[in-house]
Amino acid sequence: MIIREKDNWFRLLFAWHGSVLPQILPRLAVLLALSIAVLAARVELPAYKVPLSAAPFSLFGFTLAIFLGFYNNASYDRFWEARKQWGALLNTTRSLARQALTLSGQPLGAVREFVRLLIAFTYALKHQLRRTDAGPDLARLLPGPLAQATQAATFQPVWLLLEMSRWVQQGREAGQLDTTTQLAFDHNFNQLSDIVGACERLAGTPIPYTYSVLLHRTVYLYCFLLPFGLVDSTGWITPLIVAFVGYTFMALDAIMREIEEPFGLEDNDLALNTMSHTIEATLLEMVSEPAPPAPVHPHRYVFD
Amino acid sequence: MIIREKDNWFRLLFAWHGSVLPQILPRLAVLLALSIAVLAARVELPAYKVPLSAAPFSLFGFTLAIFLGFYNNASYDRFWEARKQWGALLNTTRSLARQALTLSGQPLGAVREFVRLLIAFTYALKHQLRRTDAGPDLARLLPGPLAQATQAATFQPVWLLLEMSRWVQQGREAGQLDTTTQLAFDHNFNQLSDIVGACERLAGTPIPYTYSVLLHRTVYLYCFLLPFGLVDSTGWITPLIVAFVGYTFMALDAIMREIEEPFGLEDNDLALNTMSHTIEATLLEMVSEPAPPAPVHPHRYVFD
Amino acid sequence: MIIREKDNWFRLLFAWHGSVLPQILPRLAVLLALSIAVLAARVELPAYKVPLSAAPFSLFGFTLAIFLGFYNNASYDRFWEARKQWGALLNTTRSLARQALTLSGQPLGAVREFVRLLIAFTYALKHQLRRTDAGPDLARLLPGPLAQATQAATFQPVWLLLEMSRWVQQGREAGQLDTTTQLAFDHNFNQLSDIVGACERLAGTPIPYTYSVLLHRTVYLYCFLLPFGLVDSTGWITPLIVAFVGYTFMALDAIMREIEEPFGLEDNDLALNTMSHTIEATLLEMVSEPAPPAPVHPHRYVFD
Amino acid sequence: MIIREKDNWFRLLFAWHGSVLPQILPRLAVLLALSIAVLAARVELPAYKVPLSAAPFSLFGFTLAIFLGFYNNASYDRFWEARKQWGALLNTTRSLARQALTLSGQPLGAVREFVRLLIAFTYALKHQLRRTDAGPDLARLLPGPLAQATQAATFQPVWLLLEMSRWVQQGREAGQLDTTTQLAFDHNFNQLSDIVGACERLAGTPIPYTYSVLLHRTVYLYCFLLPFGLVDSTGWITPLIVAFVGYTFMALDAIMREIEEPFGLEDNDLALNTMSHTIEATLLEMVSEPAPPAPVHPHRYVFD
Amino acid sequence: MIIREKDNWFRLLFAWHGSVLPQILPRLAVLLALSIAVLAARVELPAYKVPLSAAPFSLFGFTLAIFLGFYNNASYDRFWEARKQWGALLNTTRSLARQALTLSGQPLGAVREFVRLLIAFTYALKHQLRRTDAGPDLARLLPGPLAQATQAATFQPVWLLLEMSRWVQQGREAGQLDTTTQLAFDHNFNQLSDIVGACERLAGTPIPYTYSVLLHRTVYLYCFLLPFGLVDSTGWITPLIVAFVGYTFMALDAIMREIEEPFGLEDNDLALNTMSHTIEATLLEMVSEPAPPAPVHPHRYVFD
């Protein structure tokens with residue numbers, strides 16, 4: 001995720017980092033070259049012109065507007081829902097820590113163990129979503145045997161959730177809390193289960209692939225036909241206009257592809273590392289333990 | 001459901017599998033033939049021309065944009081809501097398995113029985129939505145008499161839900177859990193009941209048929225009038241332009257029809273088989289049983 | 001509600017039943033006659049022409065697009081919310097039947113009485129929404145005195161809800177269930193209360209009338225001005241084009257008016273009869289009673 | 001709120017009551033006069049023409065479409081959310097009355113007192129939202145001292161909510177209900193608290209003022225520039241076209257302003273009086289008391 | 001937040017305060033100067049003209065419409081969700097105060113302490129969101145040691161929530177309330193935890209930066225190319241038209257930037273000070289304490 005102060009309106013026009021310009025530059029160069037070729041052909045070989053005008057492009061425009069509008073909204077909804085799920089994760093782990101502190105009847109030491117389960121749950125979810133290895137984080141946070149058992153599971157967060165549930169059950173069996181209180185914990189465990197499932201849904205079910213193909217084709221055919229349609233009316237300025245229109249379409253296409261998979265590692269994806277660290281810090285503060293050092297970010301403005 | 005790595009932007013332009021191109025090719029060929037005929041008539045028989053220009057098409061464009069935008073959003077919402085319901089099914093069955101393990105006071109053997117009820121519930125729902133026979137799956141998962149009783153029911157998932165509820169009730173009657181705990185299960189049974197109802201709603205109530213007729217007619221009349229409107233201004237390139245516009249409209253029309261019935265068996269429909277298998281695997285892992293082998297998919301990229 | 005298999009794309013173009021064509025045919029005929037008159041006047045009396053071109057129509061187009069898009073979405077949202085409420089009704093009555101069977105501690109006979117209250121509640125709601133007489137259904141389902149008392153009430157579903165609540169209370173007073181269980185029922189009664197209220201809201205609060213007037217005027221003025229604007233550029237094909245544009249606008253106008261009152265009796269309205277019957281069948285199956293015969297539908301494809 | 005049967009499509013074109021035409025007639029007259037002046041100047045003083053054509057108007061059209069679409073959706077969402085809150089008020093007060101009748105263990109007389117608190121709460125909320133004096137309604141419904149104490153409060157509905165909560169607490173202290181039941185009431189009191197807060201939010205936070213200014217300016221500048229842009233191409237019919245376009249824009253602008261403040265007293269605002277009366281009638285029916293006479297409406301079709 | 005009576009339609013056209021005109025005036029002046037220069041060059045140096053017409057602008061228009069529509073909706077959604085969270089804060093703190101008064105079994109003095117915790121929580125959240133110092137407000141509301149401990153915490157509202165939870169726990173340990181009642185409080189503490197997390201989410205996760213860059217560039221390039229495209233067809237009126245189109249685009253761009261960060265201090269941001277004061281006043285009224293004086297506003301119409 002890129003977090004920058006909003007620049008002055010003028011300097012924002014020339015921002016390089018955080019724009020997708022670097023990424024689409026090659027395709028844009030191809031488009032520019034084509035436009036120049038079309039322009040040259042128009043001047044040198046006027047007999048071989050392609051009879052296109054701007055009119056048919058406003059017809060494509062309708063479908064393109066529908067495709068882009070739809071795909072963009074669907075992508076952003078995925079991004080924002082993913083962010084909401086991680087926000088809910090923060091809220092629910094805080095609520096569970098508060099319940100452990102004030103409802104469980106357990107001493108602070110046991111509560112700290114429970115809080116470490118919550119933190120391990122957070123990291124396990126992060127690693128599952130990014131398909132990275134949760135091993136080091138589990139080893140850091142959990143007692144050895146539990147870390148190994150968790151590492152061996154396919155659905156690690158679900159396994160840790162079961163462990164938390166057992167922690168509460170032991171308290172009840174020891175008579176430190178009654179059934180009603182146990183169910184207050186259980187209610188929040190249901191929430192965590194919903195969060196895991198929702199994240200798995202977003203990670204595992206992309207926007208139907210066919211939309212992606214269709215949109216991509218429409219955008220690129222539109223862009224590569226455009227110089228033929230404009231060259232008659234806009235003359236020598238055609239390459240600039242085409243490059244600009246092409247830039248907006250291709251940039252939108254590129255950014256949508258980034259945020260539709262919000263758990264990835266691209267610039268505009270969610271800062272799962274930073275958020276995991278925040279959850280760790282706030283939970284540790286609640287049980288009066290020091291927070292670990294903040295993670296190092298790949299770039300001044302970019303949080304991963 | 002098609003799950004493919006996002007290709008390079010250039011190769012995506014020529015993807016064949018996962019595009020709806022094969023399906024709409026015949027209609028597109030008809031349209032192309034018409035365009036060529038119109039072009040030929042324009043050249044050979046200039047006296048018999050149809051006085052259409054591009055102008056009226058931008059008037060239809062408005063209604064088309066409204067129809068397509070609406071229908072597309074409504075279809076995708078249905079697809080996504082269906083996916084959310086199956087996500088909720090995963091979350092809630094996991095929560096119930098966790099409750100059975102830590103709240104029910106039952107031995108592991110009895111919990112495994114309960115978990116098999118949950119898995120049978122999942123498969124019964126899948127078969128109801130796809131109108132296939134749940135018999136083999138029920139026989140595989142349930143004891144004989146229960147499998148037969150369930151098979152005889154009209155609303156099989158509801159019947160299995162009742163069975164789960166009875167499993168909990170027996171625990172309470174045996175004094176292994178109290179009323180409060182029973183209601184924690186009951187809360188999640190209400191959720192399952194909501195999921196069944198929501199899936200039945202999506203499967204049983206299509207988008208009003210009249211929209212479908214209206215949209216279809218508008219799309220096809222638009223496409224088949226288009227060559228008459230464009231031939232004057234775009235000359236020999238008309239067939240290509242018409243085919244491209246026709247392709248985007250017909251492809252959108254085709255994909256919307258696929259995803260508006262998300263429980264079907266077409267390429268872009270939900271992978272109910274895969275999801276049922278995931279639920280089975282995660283629930284069995286929770287009770288320390290091995291997962292069954294993953295289902296075989298119809299094609300490398302396609303999950304059903 | 002019309003439920004038809006999706007036809008072949010070609011035959012769908014000529015579907016008669018389920019399209020709103022029959023309903024708007026008179027207005028369309030008026031529009032066609034006007035177009036022909038305009039065309040004739042253009043040829044016979046060229047001196048008296050109206051100086052309209054296609055240009056101003058794209059200006060109206062913007063407002064029309066906003067009106068139609070908004071009204072259409074608002075109508076469909078009403079339709080879909082109404083369907084969701086009836087889906088929730090199915091889910092909640094099933095949940096209550098399940099609770100009566102497994103939580104109430106009552107014998108099957110008493111549970112069947114309760115289930116009949118649930119069914120009567122469903123029919124009472126249907127009759128209230130369609131402003132028909134609930135008498136026969138109440139008499140069929142309830143004991144005589146209760147049927148009469150309910151029939152005399154203004155808010156019949158609310159009255160029956162109170163009766164269900166009393167059924168549970170009697171169980172508690174008799175010691176068959178405790179307060180906690182009673183509240184599990186009460187939670188679902190709250191849901192039913194929400195469903196009744198939501199249906200009353202949809203039935204009693206239309207989309208603000210002024211929108212309706214405004215949209216209607218804009219659509220018809222647009223259509224009836226269109227021949228004057230097109231006749232210069234499209235010549236003898238004007239009547240066809242005008243009829244086609246008019247058809248799409250008027251058909252959209254007509255279908256929106258049908259689904260914005262989703263509890264009515266028009267072709268695209270909700271199949272309240274069918275849904276009530278489904279609820280009756282599923283609830284009776286749960287208490288092992290035979291389902292009544294399915295209602296007869298007005299037409300092969302139409303469910304009411 | 002205006003509730004009229006949907007007229008015949010033809011008579012709807014000439015409906016006067018319920019349209020905003022009367023309200024915007026003066027501005028429309030100004031616009032018409034300007035158009036005629038522009039037309040006259042075009043004919044008499046062709047040398048002084050303003051070089052505007054229809055082309056730039058389609059450029060404004062985009063922003064206008066965005067503004068109008070956004071503002072209209074935001075306004076309608078406010079209207080519909082307000083209606084939902086009052087629907088929820090109906091549902092929740094009914095649920096509370098049902099709970100008082102079947103859970104509280106209180107005699108009917110005491111329940112009737114509680115129901116009058118609910119009704120007084122409804123009227124207090126209505127008066128707060130419309131900034132009218134709740135005194136007469138409070139005096140009619142509550143015992144003298146309570147009516148005075150409530151009248152003295154700044155946040156009257158909150159005060160009455162506290163009073164209801166005390167009514168339940170007294171029942172618990174008297175041993176007529178246990179803690180669990182008290183919390184079932186408390187759950188619905190939380191709902192009422194949410195409803196009060198949501199209504200205060202809608203009444204107190206308008207759509208950001210700047211949007212309003214921006215939209216208004218764009219609409220009126222567009223309308224008043226339009227005759228200059230159209231006069232060249234549409235000649236003597238210009239005033240009619242301008243008046244029609246101006247009518248649709250100004251009417252939309254006017255109706256949006258009405259419904260964005262849904263608790264007001266304009267024609268399209270919510271019928272708070274009628275809804276309060278419905279709540280009173282349904283609650284009194286539940287405790288077998290006669291309903292008060294229905295309020296008199298300002299006009300045959302208009303409910304306030 | 002700006003709250004003004006809706007003016008007369010005519011005076012609204014010339015409103016200065018509350019419009020973003022002052023803020024964008026410099027850029028608008030640059031644009032106007034450019035337009036005049038283009039116009040002059042067109043007259044003086046006709047040979048050096050840029051071959052642009054209005055046609056390509058309608059092509060950009062589609063992307064611009066998508067960008068602006070999307071960004072505007074996303075911004076307003078953030079604004080409105082932030083307002084909803086603060087509305088929920090009001091509702092939940094009221095509910096907690098009501099619970100403390102009627103469920104906690106504590107004397108009024110202890111309840112007032114609890115209510116001051118709620119008020120301190122509100123101010124701590126406000127200061128966290130605006131990154132200002134909560135010190136003075138904490139010192140004013142809390143006993144010395146608690147104020148200092150809270151001031152030292154990184155996540156102050158979470159710390160105060162823990163404190164409230166402890167207040168309830170002490171009541172239970174002293175036998176003044178039972179576990180069930182404690183959980184009714186706990187339910188609302190979960191809500192407060194959700195509100196804190198949602199506000200942190202809105203404050204910490206902006207709309208992806210790349211959208212911002214893309215939109216900004218498109219808007220400004222569009223505006224600065226516009227005079228070249230219009231000068232041929234609109235002649236001497238070009239600067240006025242360009243300034244007007246530029247005003248609408250830039251103003252929309254500016255207002256979106258204000259409301260997308262709804263917790264800021266700009267004119268259209270949320271009135272957190274006023275809302276905090278309202279919460280304080282309503283909570284104090286519930287425990288019969290006088291409200292503090294209302295905060296002074298920066299301007300007659302502006303609430304901060």
# chains A, B, ... in the order shown; residues from 1 in each chain; ligands from 1
>>> interface_residues(of="chain C", to="chain D", cutoff="6 Å", atoms="only C-alpha atoms", output="list in words")
Pro51, Leu52, Ile66, Asn190, Ser193, Asp194, Gly197, Thr210 and Arg217 of chain C
>>> residues_around(residues="C:Pro157", least_positions_apart="6", cutoff="7 Å", atoms="only C-alpha atoms", output="list in words")
Phe121, Ala124 and Leu125 of chain C
>>> select_by_dssp(residues="stretch 143-219 of chain C", states="helix (DSSP H, G or I)", output="PyMOL selection string")
chain C and resi 144-152+156-173+179-204+209-219
>>> residues_around(residues="A:Phe114", least_positions_apart="3", cutoff="8 Å", atoms="only C-alpha atoms", output="VMD selection string")
chain A and resid 97 100 110 to 111 117 to 118 164 167
>>> residues_around(residues="A:Val38", least_positions_apart="4", cutoff="7 Å", atoms="only C-alpha atoms", output="MDAnalysis selection string")
chainID A and resid 34 42 227:228
>>> write_last_selection(atoms="N, CA, C and O atoms", output="PDB file, in the first residue's frame")
ATOM      1  N   LEU A  34       3.070   2.877 -33.290  1.00  0.00           N
ATOM      2  CA  LEU A  34       2.027   2.613 -34.271  1.00  0.00           C
ATOM      3  C   LEU A  34       1.382   3.916 -34.738  1.00  0.00           C
ATOM      4  O   LEU A  34       1.154   4.130 -35.936  1.00  0.00           O
ATOM      5  N   ARG A  42      -0.238   8.131 -43.570  1.00  0.00           N
ATOM      6  CA  ARG A  42      -1.302   9.045 -43.997  1.00  0.00           C
ATOM      7  C   ARG A  42      -0.730  10.151 -44.883  1.00  0.00           C
ATOM      8  O   ARG A  42      -1.365  10.565 -45.866  1.00  0.00           O
ATOM      9  N   PRO A 227      -5.527   5.174 -33.549  1.00  0.00           N
ATOM     10  CA  PRO A 227      -4.810   6.082 -34.473  1.00  0.00           C
ATOM     11  C   PRO A 227      -5.438   6.126 -35.859  1.00  0.00           C
ATOM     12  O   PRO A 227      -5.488   7.197 -36.473  1.00  0.00           O
ATOM     13  N   PHE A 228      -5.942   4.999 -36.358  1.00  0.00           N
ATOM     14  CA  PHE A 228      -6.581   5.004 -37.671  1.00  0.00           C
ATOM     15  C   PHE A 228      -7.818   5.889 -37.667  1.00  0.00           C
ATOM     16  O   PHE A 228      -8.120   6.555 -38.648  1.00  0.00           O
TER      17      PHE A 228
END
>>> atom_distance(atom1="atom CA of D:Arg27", atom2="atom CA of D:Phe224")
10.5 Å
>>> residues_around(residues="D:Ala74", least_positions_apart="4", cutoff="8 Å", atoms="only C-alpha atoms", output="list in words")
Phe70, Arg78, Ile207 and Glu260 of chain D
>>> decode(residues="stretch 198-211 of chain B", atoms="all heavy atoms", output="mmCIF file, in the first residue's frame")
data_model
loop_
_atom_site.group_PDB
_atom_site.id
_atom_site.type_symbol
_atom_site.label_atom_id
_atom_site.label_comp_id
_atom_site.auth_asym_id
_atom_site.auth_seq_id
_atom_site.Cartn_x
_atom_site.Cartn_y
_atom_site.Cartn_z
ATOM 1 N N ALA B 198 -31.099 -19.142 1.188
ATOM 2 C CA ALA B 198 -30.532 -18.188 0.235
ATOM 3 C C ALA B 198 -30.136 -18.890 -1.059
ATOM 4 O O ALA B 198 -30.362 -18.365 -2.151
ATOM 5 C CB ALA B 198 -29.334 -17.483 0.853
ATOM 6 N N CYS B 199 -29.562 -20.089 -0.954
ATOM 7 C CA CYS B 199 -29.189 -20.827 -2.164
ATOM 8 C C CYS B 199 -30.440 -21.210 -2.952
ATOM 9 O O CYS B 199 -30.460 -21.112 -4.190
ATOM 10 C CB CYS B 199 -28.377 -22.067 -1.811
ATOM 11 S SG CYS B 199 -26.717 -21.689 -1.238
ATOM 12 N N GLU B 200 -31.476 -21.651 -2.254
ATOM 13 C CA GLU B 200 -32.724 -21.974 -2.947
ATOM 14 C C GLU B 200 -33.297 -20.753 -3.650
ATOM 15 O O GLU B 200 -33.823 -20.848 -4.753
ATOM 16 C CB GLU B 200 -33.763 -22.506 -1.949
ATOM 17 C CG GLU B 200 -33.475 -23.914 -1.456
ATOM 18 C CD GLU B 200 -34.459 -24.355 -0.371
ATOM 19 O OE1 GLU B 200 -35.387 -23.583 -0.062
ATOM 20 O OE2 GLU B 200 -34.296 -25.455 0.163
ATOM 21 N N ARG B 201 -33.193 -19.600 -2.996
ATOM 22 C CA ARG B 201 -33.686 -18.358 -3.603
ATOM 23 C C ARG B 201 -32.940 -18.066 -4.895
ATOM 24 O O ARG B 201 -33.539 -17.771 -5.930
ATOM 25 C CB ARG B 201 -33.501 -17.208 -2.613
ATOM 26 C CG ARG B 201 -33.655 -15.838 -3.215
ATOM 27 C CD ARG B 201 -33.797 -14.745 -2.178
ATOM 28 N NE ARG B 201 -32.782 -14.717 -1.181
ATOM 29 C CZ ARG B 201 -31.559 -14.183 -1.345
ATOM 30 N NH1 ARG B 201 -31.232 -13.657 -2.501
ATOM 31 N NH2 ARG B 201 -30.690 -14.196 -0.365
ATOM 32 N N LEU B 202 -31.590 -18.158 -4.841
ATOM 33 C CA LEU B 202 -30.807 -17.862 -6.041
ATOM 34 C C LEU B 202 -31.090 -18.872 -7.149
ATOM 35 O O LEU B 202 -31.158 -18.523 -8.328
ATOM 36 C CB LEU B 202 -29.314 -17.864 -5.701
ATOM 37 C CG LEU B 202 -28.851 -16.641 -4.914
ATOM 38 C CD1 LEU B 202 -27.495 -16.896 -4.280
ATOM 39 C CD2 LEU B 202 -28.783 -15.427 -5.826
ATOM 40 N N ALA B 203 -31.247 -20.135 -6.762
ATOM 41 C CA ALA B 203 -31.483 -21.155 -7.781
ATOM 42 C C ALA B 203 -32.895 -21.058 -8.338
ATOM 43 O O ALA B 203 -33.135 -21.360 -9.506
ATOM 44 C CB ALA B 203 -31.242 -22.540 -7.202
ATOM 45 N N GLY B 204 -33.869 -20.610 -7.521
ATOM 46 C CA GLY B 204 -35.268 -20.676 -7.936
ATOM 47 C C GLY B 204 -35.833 -19.386 -8.505
ATOM 48 O O GLY B 204 -36.880 -19.408 -9.153
ATOM 49 N N THR B 205 -35.197 -18.259 -8.268
ATOM 50 C CA THR B 205 -35.736 -16.999 -8.745
ATOM 51 C C THR B 205 -34.748 -16.343 -9.684
ATOM 52 O O THR B 205 -33.808 -15.688 -9.248
ATOM 53 C CB THR B 205 -36.016 -16.041 -7.568
ATOM 54 O OG1 THR B 205 -36.822 -16.701 -6.619
ATOM 55 C CG2 THR B 205 -36.728 -14.790 -8.043
ATOM 56 N N PRO B 206 -34.936 -16.520 -10.987
ATOM 57 C CA PRO B 206 -34.025 -15.870 -11.934
ATOM 58 C C PRO B 206 -34.291 -14.365 -11.990
ATOM 59 O O PRO B 206 -35.268 -13.875 -11.425
ATOM 60 C CB PRO B 206 -34.367 -16.530 -13.259
ATOM 61 C CG PRO B 206 -35.778 -16.975 -13.113
ATOM 62 C CD PRO B 206 -35.988 -17.280 -11.651
ATOM 63 N N ILE B 207 -33.417 -13.645 -12.658
ATOM 64 C CA ILE B 207 -33.702 -12.253 -12.999
ATOM 65 C C ILE B 207 -34.975 -12.258 -13.848
ATOM 66 O O ILE B 207 -35.140 -13.124 -14.703
ATOM 67 C CB ILE B 207 -32.529 -11.662 -13.803
ATOM 68 C CG1 ILE B 207 -31.258 -11.681 -12.950
ATOM 69 C CG2 ILE B 207 -32.844 -10.263 -14.284
ATOM 70 C CD1 ILE B 207 -30.020 -11.207 -13.673
ATOM 71 N N PRO B 208 -35.927 -11.315 -13.615
ATOM 72 C CA PRO B 208 -37.199 -11.391 -14.340
ATOM 73 C C PRO B 208 -36.993 -11.651 -15.837
ATOM 74 O O PRO B 208 -36.219 -10.973 -16.499
ATOM 75 C CB PRO B 208 -37.842 -10.026 -14.074
ATOM 76 C CG PRO B 208 -37.332 -9.646 -12.725
ATOM 77 C CD PRO B 208 -35.930 -10.199 -12.663
ATOM 78 N N TYR B 209 -37.732 -12.634 -16.336
ATOM 79 C CA TYR B 209 -37.570 -13.125 -17.697
ATOM 80 C C TYR B 209 -37.676 -12.022 -18.741
ATOM 81 O O TYR B 209 -36.980 -12.028 -19.758
ATOM 82 C CB TYR B 209 -38.640 -14.191 -17.952
ATOM 83 C CG TYR B 209 -38.546 -14.865 -19.271
ATOM 84 C CD1 TYR B 209 -37.496 -15.744 -19.535
ATOM 85 C CD2 TYR B 209 -39.482 -14.650 -20.266
ATOM 86 C CE1 TYR B 209 -37.409 -16.380 -20.769
ATOM 87 C CE2 TYR B 209 -39.402 -15.278 -21.490
ATOM 88 C CZ TYR B 209 -38.363 -16.144 -21.741
ATOM 89 O OH TYR B 209 -38.260 -16.764 -22.944
ATOM 90 N N THR B 210 -38.550 -11.063 -18.477
ATOM 91 C CA THR B 210 -38.779 -10.010 -19.460
ATOM 92 C C THR B 210 -37.512 -9.208 -19.733
ATOM 93 O O THR B 210 -37.258 -8.787 -20.861
ATOM 94 C CB THR B 210 -39.902 -9.094 -18.961
ATOM 95 O OG1 THR B 210 -41.008 -9.915 -18.623
ATOM 96 C CG2 THR B 210 -40.325 -8.122 -20.011
ATOM 97 N N TYR B 211 -36.712 -8.961 -18.696
ATOM 98 C CA TYR B 211 -35.440 -8.283 -18.919
ATOM 99 C C TYR B 211 -34.594 -9.050 -19.917
ATOM 100 O O TYR B 211 -33.944 -8.476 -20.783
ATOM 101 C CB TYR B 211 -34.634 -8.194 -17.622
ATOM 102 C CG TYR B 211 -35.022 -7.058 -16.742
ATOM 103 C CD1 TYR B 211 -35.638 -7.287 -15.534
ATOM 104 C CD2 TYR B 211 -34.756 -5.749 -17.122
ATOM 105 C CE1 TYR B 211 -35.990 -6.241 -14.704
ATOM 106 C CE2 TYR B 211 -35.111 -4.703 -16.296
ATOM 107 C CZ TYR B 211 -35.729 -4.946 -15.098
ATOM 108 O OH TYR B 211 -36.076 -3.915 -14.280
#
